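K.L.:
Contents of query-v7.cif (mmCIF, C-alpha atoms and all ligand atoms):
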```
data_structure
loop_
_atom_site.label_atom_id
_atom_site.label_comp_id
_atom_site.auth_asym_id
_atom_site.auth_seq_id
_atom_site.Cartn_x
_atom_site.Cartn_y
_atom_site.Cartn_z
CA MET A 1 -22.98 20.50 75.05
CA ARG A 2 -20.51 20.02 72.26
CA LEU A 3 -20.50 16.47 70.84
CA GLU A 4 -16.94 15.38 70.27
CA ARG A 5 -16.99 11.73 69.26
CA ALA A 6 -19.01 8.56 69.42
CA GLU A 7 -18.35 4.87 69.77
CA LEU A 8 -20.77 2.36 68.26
CA ARG A 9 -20.68 -1.25 69.35
CA LEU A 10 -22.53 -4.40 68.43
CA VAL A 11 -22.95 -6.38 71.64
CA SER A 12 -24.26 -9.91 72.19
CA LEU A 13 -25.32 -11.11 75.64
CA PRO A 14 -26.43 -14.72 76.19
CA LEU A 15 -29.88 -14.97 77.81
CA LEU A 16 -30.10 -17.25 80.87
CA LYS A 17 -33.21 -18.84 79.30
CA PRO A 18 -34.52 -18.62 75.74
CA PHE A 19 -37.35 -16.07 75.35
CA ARG A 20 -40.17 -17.23 73.06
CA THR A 21 -42.87 -14.99 71.61
CA SER A 22 -45.35 -15.39 68.75
CA PHE A 23 -42.63 -14.12 66.39
CA GLY A 24 -39.84 -16.46 67.40
CA GLU A 25 -37.31 -17.52 69.99
CA MET A 26 -34.34 -15.52 71.25
CA THR A 27 -31.35 -17.18 72.93
CA ASP A 28 -29.04 -14.14 72.85
CA LYS A 29 -29.79 -10.46 73.00
CA THR A 30 -27.84 -8.64 70.29
CA PHE A 31 -27.96 -4.86 70.39
CA VAL A 32 -26.31 -1.61 69.36
CA LEU A 33 -24.60 0.28 72.18
CA LEU A 34 -23.73 3.94 71.65
CA ARG A 35 -21.28 5.90 73.79
CA LEU A 36 -21.37 9.63 73.14
CA PHE A 37 -18.53 11.85 74.34
CA GLY A 38 -18.44 15.60 75.01
CA GLU A 39 -16.90 18.08 77.44
CA GLY A 40 -15.01 15.31 79.27
CA LEU A 41 -18.24 13.37 79.94
CA GLU A 42 -19.88 10.32 78.45
CA GLY A 43 -23.50 9.40 77.77
CA VAL A 44 -24.64 5.90 76.84
CA ALA A 45 -27.71 4.22 75.36
CA GLU A 46 -28.71 1.03 73.61
CA GLY A 47 -30.96 0.54 70.62
CA VAL A 48 -34.00 -1.76 70.66
CA MET A 49 -33.64 -2.86 67.03
CA ASP A 50 -33.33 -6.60 66.51
CA VAL A 51 -31.35 -8.57 63.94
CA ARG A 52 -34.57 -9.39 62.06
CA PRO A 53 -37.39 -6.89 61.52
CA ASP A 54 -39.91 -9.09 63.30
CA PHE A 55 -41.18 -6.71 65.99
CA ARG A 56 -41.24 -3.56 63.86
CA GLU A 57 -39.47 -2.82 60.59
CA GLU A 58 -36.11 -1.50 61.83
CA THR A 59 -33.05 -3.74 61.97
CA ILE A 60 -29.67 -3.61 63.67
CA SER A 61 -27.78 -3.51 60.38
CA GLY A 62 -29.95 -0.71 59.00
CA ALA A 63 -29.76 1.35 62.17
CA LEU A 64 -25.98 0.89 62.45
CA ALA A 65 -25.50 2.13 58.90
CA LEU A 66 -27.83 5.10 59.39
CA LEU A 67 -26.17 6.12 62.66
CA GLN A 68 -22.64 5.67 61.38
CA GLU A 69 -23.01 7.15 57.92
CA THR A 70 -25.71 9.79 58.29
CA VAL A 71 -26.90 10.66 61.79
CA LEU A 72 -23.67 10.78 63.81
CA PRO A 73 -21.65 12.62 61.13
CA SER A 74 -24.34 15.32 61.08
CA VAL A 75 -24.18 15.99 64.86
CA LEU A 76 -20.55 15.36 65.84
CA GLY A 77 -18.47 18.51 66.16
CA GLN A 78 -21.66 20.51 66.80
CA GLU A 79 -22.99 22.15 69.92
CA PHE A 80 -26.50 21.40 71.25
CA THR A 81 -28.06 23.24 74.16
CA ASN A 82 -30.60 20.54 75.04
CA PRO A 83 -32.27 17.38 73.64
CA GLU A 84 -34.92 19.45 71.79
CA HIS A 85 -32.16 21.29 69.95
CA LEU A 86 -30.49 18.02 68.97
CA MET A 87 -33.72 16.48 67.68
CA ARG A 88 -34.71 19.60 65.75
CA SER A 89 -31.48 19.21 63.79
CA LEU A 90 -32.60 15.69 62.81
CA ALA A 91 -36.22 16.55 62.04
CA GLY A 92 -35.71 15.85 58.34
CA ILE A 93 -35.17 12.14 58.95
CA ARG A 94 -38.33 10.12 58.42
CA GLY A 95 -39.11 7.09 60.55
CA ASN A 96 -36.09 5.17 61.88
CA ARG A 97 -37.22 6.00 65.39
CA MET A 98 -35.31 3.19 67.07
CA ALA A 99 -32.05 4.36 65.48
CA LEU A 100 -32.72 8.01 66.39
CA ALA A 101 -33.72 7.03 69.93
CA THR A 102 -30.30 5.47 70.44
CA LEU A 103 -28.64 8.84 69.86
CA GLU A 104 -31.32 10.88 71.65
CA MET A 105 -31.13 8.73 74.79
CA ALA A 106 -27.32 8.82 74.91
CA PHE A 107 -27.55 12.60 74.61
CA TRP A 108 -30.04 12.83 77.53
CA ASP A 109 -27.64 10.80 79.69
CA LEU A 110 -24.71 13.02 78.70
CA TRP A 111 -26.71 16.22 79.19
CA ALA A 112 -28.14 15.17 82.58
CA ARG A 113 -24.59 14.25 83.68
CA SER A 114 -23.37 17.70 82.61
CA LEU A 115 -26.11 19.20 84.83
CA GLY A 116 -25.16 16.86 87.70
CA LEU A 117 -28.78 15.61 87.87
CA PRO A 118 -30.44 12.20 87.61
CA LEU A 119 -32.20 11.67 84.28
CA SER A 120 -35.51 11.17 86.14
CA SER A 121 -35.31 14.71 87.58
CA VAL A 122 -34.48 16.27 84.24
CA LEU A 123 -37.42 14.42 82.64
CA GLY A 124 -39.78 15.59 85.40
CA GLY A 125 -40.22 12.29 87.21
CA VAL A 126 -42.12 12.16 90.49
CA ARG A 127 -40.97 8.95 92.22
CA SER A 128 -37.79 7.26 93.43
CA GLU A 129 -38.89 3.68 92.69
CA VAL A 130 -41.14 2.18 90.05
CA ALA A 131 -43.60 -0.74 90.17
CA VAL A 132 -42.72 -3.70 87.96
CA GLY A 133 -44.17 -6.92 86.62
CA VAL A 134 -42.68 -9.67 84.49
CA SER A 135 -43.19 -10.74 80.90
CA LEU A 136 -43.15 -14.55 80.62
CA GLY A 137 -42.26 -16.05 77.26
CA ILE A 138 -44.13 -18.99 75.73
CA GLN A 139 -43.22 -22.05 77.84
CA PRO A 140 -43.05 -25.74 76.91
CA SER A 141 -46.17 -26.59 78.97
CA ILE A 142 -49.03 -25.12 80.98
CA GLU A 143 -47.51 -26.59 84.17
CA ALA A 144 -44.21 -24.83 83.49
CA THR A 145 -46.07 -21.54 82.92
CA VAL A 146 -48.11 -21.84 86.13
CA ASP A 147 -44.89 -22.69 88.01
CA SER A 148 -43.01 -19.70 86.63
CA ALA A 149 -45.95 -17.31 87.18
CA THR A 150 -46.33 -18.51 90.79
CA ARG A 151 -42.61 -18.13 91.48
CA HIS A 152 -42.60 -14.57 90.16
CA ALA A 153 -45.75 -13.71 92.11
CA GLU A 154 -43.99 -14.96 95.26
CA GLN A 155 -41.06 -12.66 94.47
CA GLY A 156 -43.45 -9.73 94.70
CA TYR A 157 -43.87 -8.83 91.01
CA LYS A 158 -47.00 -6.74 90.66
CA ARG A 159 -48.33 -8.13 87.40
CA ILE A 160 -47.75 -11.23 85.32
CA LYS A 161 -47.79 -10.82 81.53
CA LEU A 162 -48.10 -13.98 79.45
CA LYS A 163 -47.05 -14.22 75.83
CA ILE A 164 -49.80 -15.83 73.76
CA GLN A 165 -50.36 -17.02 70.20
CA PRO A 166 -53.17 -18.95 68.49
CA GLY A 167 -53.26 -22.39 70.15
CA TRP A 168 -51.45 -21.13 73.26
CA ASP A 169 -53.99 -18.92 74.93
CA VAL A 170 -57.32 -19.56 76.70
CA LYS A 171 -56.46 -22.84 78.43
CA MET A 172 -53.02 -21.67 79.58
CA VAL A 173 -54.26 -18.23 80.69
CA ARG A 174 -57.16 -19.74 82.65
CA ALA A 175 -54.75 -22.05 84.53
CA VAL A 176 -52.48 -19.13 85.47
CA LYS A 177 -55.42 -16.94 86.52
CA GLU A 178 -56.70 -19.72 88.79
CA ALA A 179 -53.27 -20.15 90.39
CA LEU A 180 -52.68 -16.42 90.97
CA GLY A 181 -56.02 -15.23 92.33
CA GLU A 182 -56.16 -11.43 92.57
CA LEU A 183 -52.75 -10.58 91.06
CA PRO A 184 -53.20 -8.68 87.77
CA VAL A 185 -52.58 -10.88 84.73
CA THR A 186 -52.20 -9.58 81.16
CA VAL A 187 -51.45 -11.20 77.80
CA ASP A 188 -49.31 -10.02 74.88
CA ALA A 189 -49.95 -11.52 71.43
CA ASN A 190 -47.30 -9.51 69.54
CA ALA A 191 -49.74 -9.16 66.65
CA ALA A 192 -50.42 -12.89 66.25
CA TYR A 193 -54.23 -12.70 65.84
CA SER A 194 -56.66 -11.21 63.33
CA LEU A 195 -60.38 -10.44 63.48
CA ALA A 196 -60.88 -13.95 62.07
CA HIS A 197 -59.94 -15.17 65.58
CA ILE A 198 -62.88 -13.32 67.13
CA ASN A 199 -64.20 -16.41 68.94
CA VAL A 200 -60.93 -16.99 70.81
CA LEU A 201 -60.59 -13.28 71.52
CA ARG A 202 -64.11 -13.26 73.01
CA GLU A 203 -63.12 -16.18 75.26
CA LEU A 204 -60.04 -14.27 76.42
CA ASP A 205 -62.42 -11.41 77.20
CA THR A 206 -64.13 -13.52 79.90
CA LEU A 207 -60.97 -14.31 81.89
CA GLY A 208 -60.66 -11.10 83.94
CA LEU A 209 -57.42 -9.93 82.33
CA ASP A 210 -56.16 -6.48 83.22
CA TYR A 211 -55.62 -5.79 79.51
CA ILE A 212 -54.73 -7.51 76.22
CA GLU A 213 -51.58 -6.19 74.54
CA GLN A 214 -51.28 -5.84 70.74
CA PRO A 215 -53.56 -8.70 69.68
CA LEU A 216 -53.79 -7.64 66.01
CA ALA A 217 -51.41 -6.56 63.24
CA TRP A 218 -48.38 -4.42 64.14
CA ASN A 219 -49.50 -1.57 61.86
CA ASP A 220 -53.29 -1.74 62.09
CA MET A 221 -55.09 0.59 64.52
CA ARG A 222 -58.36 0.35 62.57
CA ASP A 223 -58.95 -3.32 63.33
CA HIS A 224 -57.93 -2.79 66.95
CA ALA A 225 -60.71 -0.17 67.16
CA LYS A 226 -63.19 -2.69 65.74
CA LEU A 227 -62.04 -5.28 68.26
CA GLN A 228 -62.08 -2.89 71.25
CA ALA A 229 -65.72 -2.08 70.47
CA LEU A 230 -66.53 -5.79 70.84
CA MET A 231 -64.55 -6.38 74.05
CA HIS A 232 -64.90 -5.46 77.73
CA THR A 233 -61.20 -6.02 78.45
CA PRO A 234 -59.09 -2.95 77.65
CA LEU A 235 -56.69 -3.28 74.73
CA CYS A 236 -53.15 -1.94 75.09
CA LEU A 237 -51.11 -1.05 72.02
CA ASP A 238 -47.36 -1.63 71.74
CA GLU A 239 -46.13 -2.19 68.14
CA CYS A 240 -48.73 0.24 66.67
CA ILE A 241 -47.56 3.31 68.61
CA THR A 242 -44.41 5.02 67.34
CA SER A 243 -45.25 8.63 68.26
CA ALA A 244 -47.51 10.92 70.27
CA GLN A 245 -49.59 11.44 67.11
CA ASP A 246 -50.09 7.66 66.85
CA ALA A 247 -51.16 7.60 70.51
CA ARG A 248 -53.58 10.49 69.98
CA LYS A 249 -55.16 8.77 66.98
CA ALA A 250 -55.36 5.38 68.68
CA LEU A 251 -57.04 6.84 71.77
CA GLU A 252 -59.33 9.07 69.70
CA MET A 253 -60.59 6.12 67.65
CA ALA A 254 -60.73 3.91 70.79
CA ALA A 255 -58.29 1.39 69.31
CA CYS A 256 -56.95 0.93 72.86
CA ARG A 257 -57.51 2.18 76.40
CA LEU A 258 -53.90 2.21 77.49
CA VAL A 259 -50.43 2.41 75.97
CA ASN A 260 -47.18 0.49 76.42
CA ILE A 261 -44.44 3.13 76.13
CA LYS A 262 -41.06 1.92 74.93
CA VAL A 263 -38.67 4.83 74.72
CA GLY A 264 -36.68 3.14 71.94
CA ARG A 265 -39.76 2.39 69.82
CA VAL A 266 -41.03 5.99 69.85
CA GLY A 267 -37.74 7.77 69.07
CA GLY A 268 -36.44 8.71 72.51
CA HIS A 269 -37.37 10.30 75.83
CA LEU A 270 -38.84 13.49 74.34
CA GLU A 271 -41.37 11.59 72.27
CA ALA A 272 -41.96 9.07 75.09
CA ARG A 273 -42.87 11.98 77.36
CA ARG A 274 -45.23 13.35 74.68
CA VAL A 275 -46.93 9.94 74.40
CA HIS A 276 -47.22 9.94 78.20
CA ASP A 277 -48.81 13.42 78.14
CA VAL A 278 -51.24 12.58 75.32
CA ALA A 279 -52.37 9.45 77.16
CA ALA A 280 -52.84 11.47 80.37
CA SER A 281 -55.05 13.92 78.48
CA PHE A 282 -57.31 10.97 77.58
CA SER A 283 -57.12 9.65 81.18
CA ALA A 284 -55.47 6.55 79.71
CA PRO A 285 -52.81 4.90 81.89
CA VAL A 286 -49.39 4.07 80.47
CA TRP A 287 -46.70 1.62 81.53
CA CYS A 288 -43.07 1.16 80.58
CA GLY A 289 -42.38 -1.72 78.21
CA GLY A 290 -39.09 -3.51 77.72
CA MET A 291 -37.17 -5.24 74.92
CA LEU A 292 -34.90 -7.45 77.05
CA GLU A 293 -32.51 -4.54 77.49
CA SER A 294 -29.12 -4.73 79.16
CA GLY A 295 -28.57 -2.57 82.24
CA VAL A 296 -28.07 0.50 80.05
CA GLY A 297 -31.48 0.43 78.35
CA ARG A 298 -33.08 -0.85 81.56
CA ALA A 299 -31.75 2.17 83.49
CA HIS A 300 -33.15 4.54 80.83
CA ASN A 301 -36.54 2.79 81.09
CA ILE A 302 -36.60 3.03 84.88
CA HIS A 303 -35.90 6.79 84.80
CA LEU A 304 -38.67 7.33 82.24
CA ALA A 305 -41.15 5.30 84.32
CA THR A 306 -40.91 7.87 87.14
CA LEU A 307 -43.25 10.21 85.20
CA GLU A 308 -46.63 10.65 86.84
CA ASN A 309 -48.95 8.76 84.47
CA PHE A 310 -46.90 5.51 84.53
CA THR A 311 -49.54 4.04 86.83
CA LYS A 312 -49.37 0.38 85.72
CA PRO A 313 -46.42 -1.91 86.53
CA GLY A 314 -43.78 -1.96 83.79
CA ASP A 315 -41.65 -4.71 82.22
CA THR A 316 -38.35 -3.50 83.71
CA SER A 317 -37.78 -6.48 85.98
CA SER A 318 -34.53 -7.57 87.64
CA SER A 319 -31.47 -7.80 85.43
CA SER A 320 -30.61 -11.18 87.01
CA ARG A 321 -33.73 -12.69 85.36
CA TYR A 322 -32.07 -12.16 81.99
CA TRP A 323 -28.27 -12.43 82.37
CA ALA A 324 -25.63 -14.21 84.38
CA ARG A 325 -23.69 -10.95 84.17
CA ASP A 326 -24.76 -7.49 83.00
CA ILE A 327 -22.59 -4.88 81.25
CA ILE A 328 -22.97 -2.37 84.10
CA HIS A 329 -21.51 -2.39 87.61
CA GLU A 330 -24.71 -1.50 89.50
CA PRO A 331 -27.23 -4.27 90.22
CA LEU A 332 -30.71 -3.47 88.90
CA GLU A 333 -32.81 -5.72 91.10
CA THR A 334 -36.36 -5.44 92.37
CA SER A 335 -37.52 -5.84 95.92
CA GLY A 336 -41.20 -6.47 96.61
CA GLY A 337 -42.02 -5.69 92.98
CA MET A 338 -40.38 -2.26 93.16
CA MET A 339 -37.27 -1.17 91.23
CA ALA A 340 -35.28 1.67 92.79
CA VAL A 341 -34.26 4.43 90.39
CA PRO A 342 -30.45 4.39 90.08
CA LYS A 343 -28.98 7.33 91.97
CA GLY A 344 -26.35 9.68 90.63
CA ALA A 345 -26.19 11.88 87.56
CA GLY A 346 -27.59 10.79 84.20
CA ILE A 347 -28.91 7.24 84.13
CA GLY A 348 -26.84 6.55 87.24
CA VAL A 349 -25.09 3.41 86.04
CA THR A 350 -21.56 2.79 84.77
CA LEU A 351 -20.20 0.42 82.13
CA ASP A 352 -18.16 -2.61 83.18
CA LEU A 353 -15.72 -2.04 80.30
CA PRO A 354 -13.61 -5.22 80.55
CA PHE A 355 -16.78 -7.36 80.53
CA LEU A 356 -18.36 -5.19 77.82
CA ASP A 357 -15.25 -5.71 75.66
CA SER A 358 -15.61 -9.48 76.08
CA VAL A 359 -19.18 -9.41 74.69
CA THR A 360 -18.53 -6.81 71.95
CA ARG A 361 -18.62 -8.25 68.44
CA MET A 362 -17.81 -5.05 66.57
CA LYS A 363 -16.75 -1.54 67.51
CA VAL A 364 -16.35 1.65 65.45
CA ASP A 365 -15.24 5.11 66.47
CA VAL A 366 -17.02 7.97 64.78
CA THR A 367 -15.35 11.38 64.84
CA PRO A 368 -16.27 14.77 63.30
CA GLU A 369 -13.66 14.15 60.59
CA ARG A 370 -15.78 11.30 59.32
CA ARG A 371 -18.29 13.91 58.13
CA ALA A 372 -16.16 14.52 55.06
CA VAL A 373 -15.72 10.80 54.47
CA ALA A 374 -19.42 10.13 54.86
CA GLY A 375 -20.22 13.13 52.71
CA THR A 376 -23.52 13.91 54.42
CA ALA A 377 -25.22 17.27 54.54
CA THR A 378 -26.04 18.80 57.91
O1 LIG B 401 -43.78 -7.05 73.02
O2 LIG B 401 -43.27 -6.29 74.90
C1 LIG B 401 -42.96 -6.93 73.91
C2 LIG B 401 -39.51 -8.50 74.39
C3 LIG B 401 -38.98 -8.36 73.12
C4 LIG B 401 -39.76 -7.81 72.13
C5 LIG B 401 -41.06 -7.38 72.41
C6 LIG B 401 -41.58 -7.50 73.69
C7 LIG B 401 -40.80 -8.11 74.68
C8 LIG B 401 -41.28 -8.37 76.03
C9 LIG B 401 -40.23 -8.52 77.10
O3 LIG B 401 -42.44 -8.54 76.33
C10 LIG B 401 -40.18 -7.38 78.04
C11 LIG B 401 -38.94 -7.45 78.87
O4 LIG B 401 -38.88 -8.28 79.77
O5 LIG B 401 -37.99 -6.68 78.59
MG MG B 402 -45.56 -6.08 73.63
#
```
Would you put the structure from the file into structure tokens?
P.N.:
Amino acid sequence: MRLERAELRLVSLPLLKPFRTSFGEMTDKTFVLLRLFGEGLEGVAEGVMDVRPDFREETISGALALLQETVLPSVLGQEFTNPEHLMRSLAGIRGNRMALATLEMAFWDLWARSLGLPLSSVLGGVRSEVAVGVSLGIQPSIEATVDSATRHAEQGYKRIKLKIQPGWDVKMVRAVKEALGELPVTVDANAAYSLAHINVLRELDTLGLDYIEQPLAWNDMRDHAKLQALMHTPLCLDECITSAQDARKALEMAACRLVNIKVGRVGGHLEARRVHDVAASFSAPVWCGGMLESGVGRAHNIHLATLENFTKPGDTSSSSRYWARDIIHEPLETSGGMMAVPKGAGIGVTLDLPFLDSVTRMKVDVTPERRAVAGTAT
């Protein structure tokens, strides 16, 4: 596959409801969208970087600059036989996994389309629909949280994840657990606690949660290992895991017993599959996380979640929970807690270009000629 040109956009979609986590509130989802063109076909992906580096350290502005000035100029005009080949050519770039994932994922879509195959088949997926739960942001009251959790349970979602932070935890979680009965409930702290909160964490340990996601610092596996040794409830790492090597180390030191895989966070589908394989070798389940993606990122996530060891419900819930209108034509909606894998080649969804244009804040075309302008080595 010869890469001919790319289009980078900055897109902003208003969320139907604000989404609050321990690191802040989002009212719009702003993201980088990459369209990659070659051999008369197009592949598309979105980045999971945010405006502020509050989840991990990458930012939209940093990733845009890296893609536009360094990464894209080094691959446009070149021929790549498969995703491994593409990523080998970028092996010298340290970190910046969210930025690299944006390109890698667009290339997978393009490549799968050139083969006439769904992305899930090319990745080695084993199912045509994936189980999903919901991630509920921090609500104004316990009553509102119980209400929302109950409504989603009635819609068939297979797991309810509650965002927590110090002061918004045990009491709220206990109320939701009581209302939901047997349905699996999990919590996600987005790194809001430390070992100094051990008493609260021990209380959370008594509530029958399926797992506790990223309670401690975003970059600290060591303290998670200390905590896991004190807890019955499995810990699940999200922010801490950016590669298969991270996953191997975390599982080896028992810093967690399962892993949230976000394809954007780990640098793309290749690395996501390696994380999946490492976890399987430890008999640790994985599930597919989300970052409030538009239909493009959501479709990528759904295809990835068809791999065998994605045995826990993921966060890829219905698009209509997030937006009044999505940037793709195809509806991505669950039924009975299951999300069907989009059919057709690649990620199986198509851009609604007129609507996309109306929510695009910036657009740049990158062509092979820009290599000279950017002056980057290949
Ligand atoms: O930690 O999983 C997270 C959203 C934005 C940033 C981080 C996280 C989340 C979610 C939402 O939990 C998952 C989703 O519905 O896409
Ligand atoms: Mg998380």
K.L.:
Compare A:Glu46, A:Asp238, A:Glu104, A:Glu25 by their minimum atom-to-atom distance to His85 (chain A), counting only C-alpha atoms, and give me the closest one.
P.N.:
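Smallest distance to His85 (chain A) is found for A:Glu104.
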K.L.:
Counting all atoms listed in the file, give me one row per residue of chain A with an atom at most 10 Å from an atom of ligand LIG 401 (chain B), showing the shortest contact pair and its distance in Å to one decimal, sorted by chain then residue number, as a tab-separated table.
P.N.:
```
residue	atom	partner	partner_atom	distance
A:Phe19	CA	B:LIG401	C2	7.9
A:Arg20	CA	B:LIG401	C2	8.9
A:Thr21	CA	B:LIG401	C7	7.8
A:Ser22	CA	B:LIG401	O1	9.5
A:Phe23	CA	B:LIG401	C4	9.0
A:Gly24	CA	B:LIG401	C4	9.9
A:Glu25	CA	B:LIG401	C3	9.8
A:Met26	CA	B:LIG401	C3	8.7
A:Lys29	CA	B:LIG401	C3	9.4
A:Val48	CA	B:LIG401	C4	8.5
A:Met49	CA	B:LIG401	C4	9.4
A:Asp50	CA	B:LIG401	C4	8.6
A:Asp54	CA	B:LIG401	C4	8.9
A:Phe55	CA	B:LIG401	C4	6.4
A:Arg56	CA	B:LIG401	C5	9.4
A:Gly133	CA	B:LIG401	O4	8.8
A:Val134	CA	B:LIG401	O4	6.2
A:Ser135	CA	B:LIG401	O4	5.1
A:Leu136	CA	B:LIG401	O3	7.4
A:Gly137	CA	B:LIG401	O3	7.6
A:Lys161	CA	B:LIG401	O3	7.8
A:Leu162	CA	B:LIG401	O3	8.4
A:Lys163	CA	B:LIG401	O3	7.3
A:Val187	CA	B:LIG401	O3	9.5
A:Asp188	CA	B:LIG401	O1	6.5
A:Ala189	CA	B:LIG401	O1	7.8
A:Asn190	CA	B:LIG401	O1	5.5
A:Ala191	CA	B:LIG401	O1	9.0
A:Glu213	CA	B:LIG401	O1	8.0
A:Gln214	CA	B:LIG401	O1	7.9
A:Leu237	CA	B:LIG401	O1	9.5
A:Asp238	CA	B:LIG401	O1	6.6
A:Glu239	CA	B:LIG401	O1	7.3
A:Asn260	CA	B:LIG401	O2	8.0
A:Ile261	CA	B:LIG401	O2	9.6
A:Lys262	CA	B:LIG401	O2	8.5
A:Cys288	CA	B:LIG401	C10	9.4
A:Gly289	CA	B:LIG401	O2	5.7
A:Gly290	CA	B:LIG401	O5	3.5
A:Met291	CA	B:LIG401	O5	4.0
A:Leu292	CA	B:LIG401	O5	3.5
A:Glu293	CA	B:LIG401	O5	6.0
A:Ser294	CA	B:LIG401	O5	9.1
A:Gly297	CA	B:LIG401	O5	9.6
A:Arg298	CA	B:LIG401	O5	8.2
A:Asn301	CA	B:LIG401	O5	9.9
A:Gly314	CA	B:LIG401	C10	8.7
A:Asp315	CA	B:LIG401	C11	5.1
A:Thr316	CA	B:LIG401	O5	6.0
A:Ser317	CA	B:LIG401	O4	6.6
A:Ser318	CA	B:LIG401	O4	9.0
A:Ser319	CA	B:LIG401	O4	9.3
A:Arg321	CA	B:LIG401	O4	8.8
A:Tyr322	CA	B:LIG401	O4	8.1
```
K.L.:
For the atom pair CA of Glu308 (chain A) and CA of Gly125 (chain A), what is the interatomic distance in Å to one decimal place?
P.N.:
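So the answer is 6.6 Å.
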K.L.:
Counting all atoms listed in the file, which residue out of A:Ile241, A:Met362, A:Met338, A:Ala247 sits closest to ligand MG 402 (chain B)?
P.N.:
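Of A:Ile241, A:Met362, A:Met338, A:Ala247, the one nearest ligand MG 402 (chain B) is A:Ile241, counting all atoms listed in the file.
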K.L.:
Between A:Thr186, A:Thr27, A:Ser61, A:Ser283, single out the one closest to ligand MG 402 (chain B), counting all atoms listed in the file.
P.N.:
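The answer is A:Thr186, which sits nearest to ligand MG 402 (chain B).
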K.L.:
Would you fill the gaps in region 190-202 of chain A so it has N, CA, C and O atoms, then print it as a short mmCIF file (atom, residue, chain, number, x, y, z; two decimals), keeping the file's coordinate frame?
P.N.:
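Once written, result.cif looks like this:
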```
data_model
loop_
_atom_site.label_atom_id
_atom_site.label_comp_id
_atom_site.auth_asym_id
_atom_site.auth_seq_id
_atom_site.Cartn_x
_atom_site.Cartn_y
_atom_site.Cartn_z
N ASN A 190 -48.25 -9.98 70.56
CA ASN A 190 -47.30 -9.51 69.54
C ASN A 190 -47.87 -9.69 68.13
O ASN A 190 -47.22 -10.26 67.25
N ALA A 191 -49.12 -9.26 67.98
CA ALA A 191 -49.74 -9.16 66.65
C ALA A 191 -50.08 -10.50 66.01
O ALA A 191 -50.22 -10.59 64.78
N ALA A 192 -50.26 -11.56 66.82
CA ALA A 192 -50.42 -12.89 66.25
C ALA A 192 -51.86 -13.24 65.83
O ALA A 192 -52.09 -14.29 65.25
N TYR A 193 -52.83 -12.37 66.15
CA TYR A 193 -54.23 -12.70 65.84
C TYR A 193 -54.76 -11.74 64.77
O TYR A 193 -54.16 -10.71 64.47
N SER A 194 -55.95 -12.13 64.21
CA SER A 194 -56.66 -11.21 63.33
C SER A 194 -58.13 -11.26 63.75
O SER A 194 -58.51 -12.06 64.62
N LEU A 195 -58.96 -10.44 63.12
CA LEU A 195 -60.38 -10.44 63.48
C LEU A 195 -61.03 -11.80 63.18
O LEU A 195 -62.08 -12.12 63.72
N ALA A 196 -60.37 -12.60 62.34
CA ALA A 196 -60.88 -13.95 62.07
C ALA A 196 -60.84 -14.82 63.33
O ALA A 196 -61.52 -15.83 63.41
N HIS A 197 -60.03 -14.42 64.33
CA HIS A 197 -59.94 -15.17 65.58
C HIS A 197 -60.93 -14.66 66.62
O HIS A 197 -60.73 -14.85 67.83
N ILE A 198 -61.99 -14.01 66.18
CA ILE A 198 -62.88 -13.32 67.13
C ILE A 198 -63.42 -14.25 68.22
O ILE A 198 -63.57 -13.82 69.38
N ASN A 199 -63.65 -15.51 67.92
CA ASN A 199 -64.20 -16.41 68.94
C ASN A 199 -63.22 -16.62 70.10
O ASN A 199 -63.61 -16.57 71.27
N VAL A 200 -61.95 -16.83 69.77
CA VAL A 200 -60.93 -16.99 70.81
C VAL A 200 -60.77 -15.69 71.59
O VAL A 200 -60.65 -15.69 72.82
N LEU A 201 -60.77 -14.57 70.86
CA LEU A 201 -60.59 -13.28 71.52
C LEU A 201 -61.76 -13.01 72.49
O LEU A 201 -61.55 -12.48 73.58
N ARG A 202 -62.95 -13.42 72.11
CA ARG A 202 -64.11 -13.26 73.01
C ARG A 202 -63.96 -14.14 74.25
O ARG A 202 -64.38 -13.76 75.34
#
```
